[in-house]
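Here the structure comes first, spelled out in structure tokens, and everything after it is commentary.
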Amino acid sequence: KAGVTQTPRYLIKTRGQQVTLSCSPISGHRSVSWYQQTPGQGLQFLFEYFSETQRNKGNFPGRFSGRQFSNSRSEMNVSTLELGDSALYLCASSLAGMSTEAFFGQGTRLTVV
Amino acid sequence: AQSVTQLDSQVPVFEEAPVELRCNYSSSVSVYLFWYVQYPNQGLQLLLKYLSGSTLVKGINGFEAEFNKSQTSFHLRKPSVHISDTAEYFCAVSALRGGADGLTFGKGTHLIIQP
């Protein structure tokens with residue numbers, strides 16, 4: 001079966017712009033989580049959506065937001081981009097959440113210039 | 001809140017030698033434990049997980065890990081490594097009842113296999 005698909009794979013944006021990243025989970029998975037990976041901070045949890053509801057949220061500013069659609073696809077939005085937002089953004093899908101196996105996409109590499 | 005410490009940022013090992021990657025965690029609640037592997041320019045792949053039961057967990061690619069509650073450790077081992085095992089390895093925890101932390105990852109250990 002198809003894995004987790006993230007689009008686009010690479011993005012270059014200018015400071016102050018906004019960006020939307022997309023994640024299509026594995027068919028049948030209802031939980032989608034987002035993570036930010038940087039060399040300095042490592043992997044940090046952004047938020048988790050389950051059945052269109054945000055279930056958990058990490059410690060990120062309000063510029064980072066997300067949503068989940070009825071088909072479980074999820075989008076993540078970052079507004080007013082800062083240089084420090086440059087990172088690999090990873091999406092993970094699972095059947096029911098953290099206790100079940102999470103399958104990660106290949107990520108979206110965002111570069112803010 | 002929980003935290004994960006991977007004691008070694010980099011571990012060089014000769015091919016066919018055994019390896020142990022160390023992981024210690026801290027949490028005020030019971031947790032699930034995971035090891036993930038990340039190859040260059042790729043996402044994360046689950047190697048193994050501990051949810052409950054036997055403290056020795058076997059995973060893919062010949063890896064295994066042992067959960068030690070008293071030492072709050074979850075070290076990853078492989079008896080004989082191959083060149084293809086060169087990658088970044090992440091230990092992670094999540095609270096049994098979910099929570100704001102989601103999956104909490106360690107900083108990662110870069111496993112370098114030398115021929």
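Residues are referred to by chain and number: the chain letter is A, B, ... according to the order shown in the structure tokens, the number counts from 1 in that chain, and ligands are numbered separately from 1 in the order shown.
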I'd like a table as JSON lines: residues in chain A with an atom no more than 9 Å from chain B, each row giving the shortest atom pair and its distance in Å to one decimal, only C-alpha atoms counted, sorted by chain and rising residue number.
{"residue": "A:Ser33", "atom": "CA", "partner": "B:Gly102", "partner_atom": "CA", "distance": 8.2}
{"residue": "A:Pro39", "atom": "CA", "partner": "B:Lys107", "partner_atom": "CA", "distance": 9.0}
{"residue": "A:Gly40", "atom": "CA", "partner": "B:Lys107", "partner_atom": "CA", "distance": 9.0}
{"residue": "A:Gln41", "atom": "CA", "partner": "B:Lys107", "partner_atom": "CA", "distance": 7.7}
{"residue": "A:Gly42", "atom": "CA", "partner": "B:Lys107", "partner_atom": "CA", "distance": 5.5}
{"residue": "A:Leu43", "atom": "CA", "partner": "B:Phe105", "partner_atom": "CA", "distance": 6.1}
{"residue": "A:Gln44", "atom": "CA", "partner": "B:Thr104", "partner_atom": "CA", "distance": 7.1}
{"residue": "A:Phe45", "atom": "CA", "partner": "B:Gly102", "partner_atom": "CA", "distance": 6.0}
{"residue": "A:Leu46", "atom": "CA", "partner": "B:Gly102", "partner_atom": "CA", "distance": 8.2}
{"residue": "A:Phe47", "atom": "CA", "partner": "B:Gly102", "partner_atom": "CA", "distance": 7.5}
{"residue": "A:Glu48", "atom": "CA", "partner": "B:Gly102", "partner_atom": "CA", "distance": 7.5}
{"residue": "A:Arg55", "atom": "CA", "partner": "B:Gly99", "partner_atom": "CA", "distance": 8.2}
{"residue": "A:Asn56", "atom": "CA", "partner": "B:Ala100", "partner_atom": "CA", "distance": 5.0}
{"residue": "A:Lys57", "atom": "CA", "partner": "B:Ala100", "partner_atom": "CA", "distance": 5.1}
{"residue": "A:Gly58", "atom": "CA", "partner": "B:Ala100", "partner_atom": "CA", "distance": 5.6}
{"residue": "A:Asn59", "atom": "CA", "partner": "B:Ala100", "partner_atom": "CA", "distance": 8.2}
{"residue": "A:Leu90", "atom": "CA", "partner": "B:Gly43", "partner_atom": "CA", "distance": 6.9}
{"residue": "A:Cys91", "atom": "CA", "partner": "B:Gly43", "partner_atom": "CA", "distance": 8.7}
{"residue": "A:Ala92", "atom": "CA", "partner": "B:Leu44", "partner_atom": "CA", "distance": 8.9}
{"residue": "A:Gly97", "atom": "CA", "partner": "B:Gly98", "partner_atom": "CA", "distance": 8.0}
{"residue": "A:Met98", "atom": "CA", "partner": "B:Ser94", "partner_atom": "CA", "distance": 6.4}
{"residue": "A:Ser99", "atom": "CA", "partner": "B:Tyr32", "partner_atom": "CA", "distance": 6.7}
{"residue": "A:Glu101", "atom": "CA", "partner": "B:Leu46", "partner_atom": "CA", "distance": 7.5}
{"residue": "A:Ala102", "atom": "CA", "partner": "B:Leu46", "partner_atom": "CA", "distance": 7.5}
{"residue": "A:Phe103", "atom": "CA", "partner": "B:Gln45", "partner_atom": "CA", "distance": 6.9}
{"residue": "A:Phe104", "atom": "CA", "partner": "B:Leu44", "partner_atom": "CA", "distance": 5.5}
{"residue": "A:Gly105", "atom": "CA", "partner": "B:Gly43", "partner_atom": "CA", "distance": 5.4}
{"residue": "A:Gln106", "atom": "CA", "partner": "B:Gly43", "partner_atom": "CA", "distance": 4.1}
{"residue": "A:Gly107", "atom": "CA", "partner": "B:Gly43", "partner_atom": "CA", "distance": 6.0}
Output for the residues just chosen: C-alpha atoms as a PDB file, in the first residue's frame:
ATOM      1  CA  SER A  33       1.412  14.291  13.436  1.00  0.00           C
ATOM      2  CA  PRO A  39      20.432  20.400  13.238  1.00  0.00           C
ATOM      3  CA  GLY A  40      20.341  22.476  16.415  1.00  0.00           C
ATOM      4  CA  GLN A  41      17.070  21.439  18.033  1.00  0.00           C
ATOM      5  CA  GLY A  42      16.660  17.967  16.560  1.00  0.00           C
ATOM      6  CA  LEU A  43      13.169  16.548  16.131  1.00  0.00           C
ATOM      7  CA  GLN A  44      10.418  18.545  17.789  1.00  0.00           C
ATOM      8  CA  PHE A  45       6.710  17.757  17.949  1.00  0.00           C
ATOM      9  CA  LEU A  46       4.444  20.365  16.398  1.00  0.00           C
ATOM     10  CA  PHE A  47       0.930  18.950  16.659  1.00  0.00           C
ATOM     11  CA  GLU A  48      -1.251  15.906  16.135  1.00  0.00           C
ATOM     12  CA  ARG A  55      -5.517  16.388  19.810  1.00  0.00           C
ATOM     13  CA  ASN A  56      -2.066  17.451  20.963  1.00  0.00           C
ATOM     14  CA  LYS A  57       0.118  20.488  20.437  1.00  0.00           C
ATOM     15  CA  GLY A  58       3.801  21.119  20.997  1.00  0.00           C
ATOM     16  CA  ASN A  59       5.519  24.257  22.150  1.00  0.00           C
ATOM     17  CA  LEU A  90       8.110  15.529   8.761  1.00  0.00           C
ATOM     18  CA  CYS A  91       4.617  14.153   8.803  1.00  0.00           C
ATOM     19  CA  ALA A  92       3.734  10.863  10.468  1.00  0.00           C
ATOM     20  CA  GLY A  97      -2.022   7.781  17.726  1.00  0.00           C
ATOM     21  CA  MET A  98       1.213   7.628  19.631  1.00  0.00           C
ATOM     22  CA  SER A  99       0.937   4.090  20.950  1.00  0.00           C
ATOM     23  CA  GLU A 101       3.321   2.495  14.904  1.00  0.00           C
ATOM     24  CA  ALA A 102       3.924   5.841  13.237  1.00  0.00           C
ATOM     25  CA  PHE A 103       4.900   5.875   9.565  1.00  0.00           C
ATOM     26  CA  PHE A 104       6.864   8.899   8.432  1.00  0.00           C
ATOM     27  CA  GLY A 105       6.920  10.621   5.094  1.00  0.00           C
ATOM     28  CA  GLN A 106      10.135  11.743   3.416  1.00  0.00           C
ATOM     29  CA  GLY A 107       9.590  15.276   4.593  1.00  0.00           C
TER      30      GLY A 107
END
For this session: DSSP on the backbone, then: every residue of chain A marked strand (DSSP E or B), written as number ranges by chain.
Result: A: 5-7, 10-13, 19-24, 31-38, 42-50, 53-57, 64-68, 74-78, 87-94, 103-104, 108-112
For this session: Measuring atom to atom with only C-alpha atoms, identify which of B:Ser84, B:Tyr39, B:His75, B:Thr109 is nearest to Asn61 in chain B.
Result: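 Counting only C-alpha atoms, the residue closest to Asn61 in chain B is B:Ser84.
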Problem set entry | For Asn71 in chain A: contacts at 9 Å, only C-alpha atoms, fewer than 3 positions along chain excluded, given as a VMD selection string | chain A and resid 24 27 30 51 to 52 68 74
Exercise. Separation of CA of Asn68 in chain B and CA of Ile83 in chain B, in Å?
Worked result: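 Separation of CA of Asn68 in chain B and CA of Ile83 in chain B: 28.9 Å.
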Exercise. In terms of the shortest atom-to-atom distance over only C-alpha atoms, which of A:Thr5, A:Pro25, A:Ser70, A:Tyr10 is closest to Arg109 in chain A?
Worked result: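 The answer is A:Tyr10, which sits nearest to Arg109 in chain A.
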For this session: List the neighbours of Thr86 in chain B out to 6 Å using only C-alpha atoms; skip same-chain residues closer than 6 positions along the sequence, and give me the result as a VMD selection string.
Result: chain B and resid 111 to 113
Dump of N, CA, C and O atoms for the selected residues, as a PDB file, in the first residue's frame:
ATOM      1  N   LEU B 111      25.516   6.433  13.437  1.00  0.00           N
ATOM      2  CA  LEU B 111      26.274   5.183  13.403  1.00  0.00           C
ATOM      3  C   LEU B 111      27.104   5.149  12.130  1.00  0.00           C
ATOM      4  O   LEU B 111      26.561   5.227  11.022  1.00  0.00           O
ATOM      5  N   ILE B 112      28.402   5.046  12.309  1.00  0.00           N
ATOM      6  CA  ILE B 112      29.321   5.036  11.169  1.00  0.00           C
ATOM      7  C   ILE B 112      29.981   3.670  11.111  1.00  0.00           C
ATOM      8  O   ILE B 112      30.680   3.270  12.043  1.00  0.00           O
ATOM      9  N   ILE B 113      29.759   2.971  10.009  1.00  0.00           N
ATOM     10  CA  ILE B 113      30.335   1.644   9.846  1.00  0.00           C
ATOM     11  C   ILE B 113      31.594   1.762   9.003  1.00  0.00           C
ATOM     12  O   ILE B 113      31.561   2.269   7.879  1.00  0.00           O
TER      13      ILE B 113
END
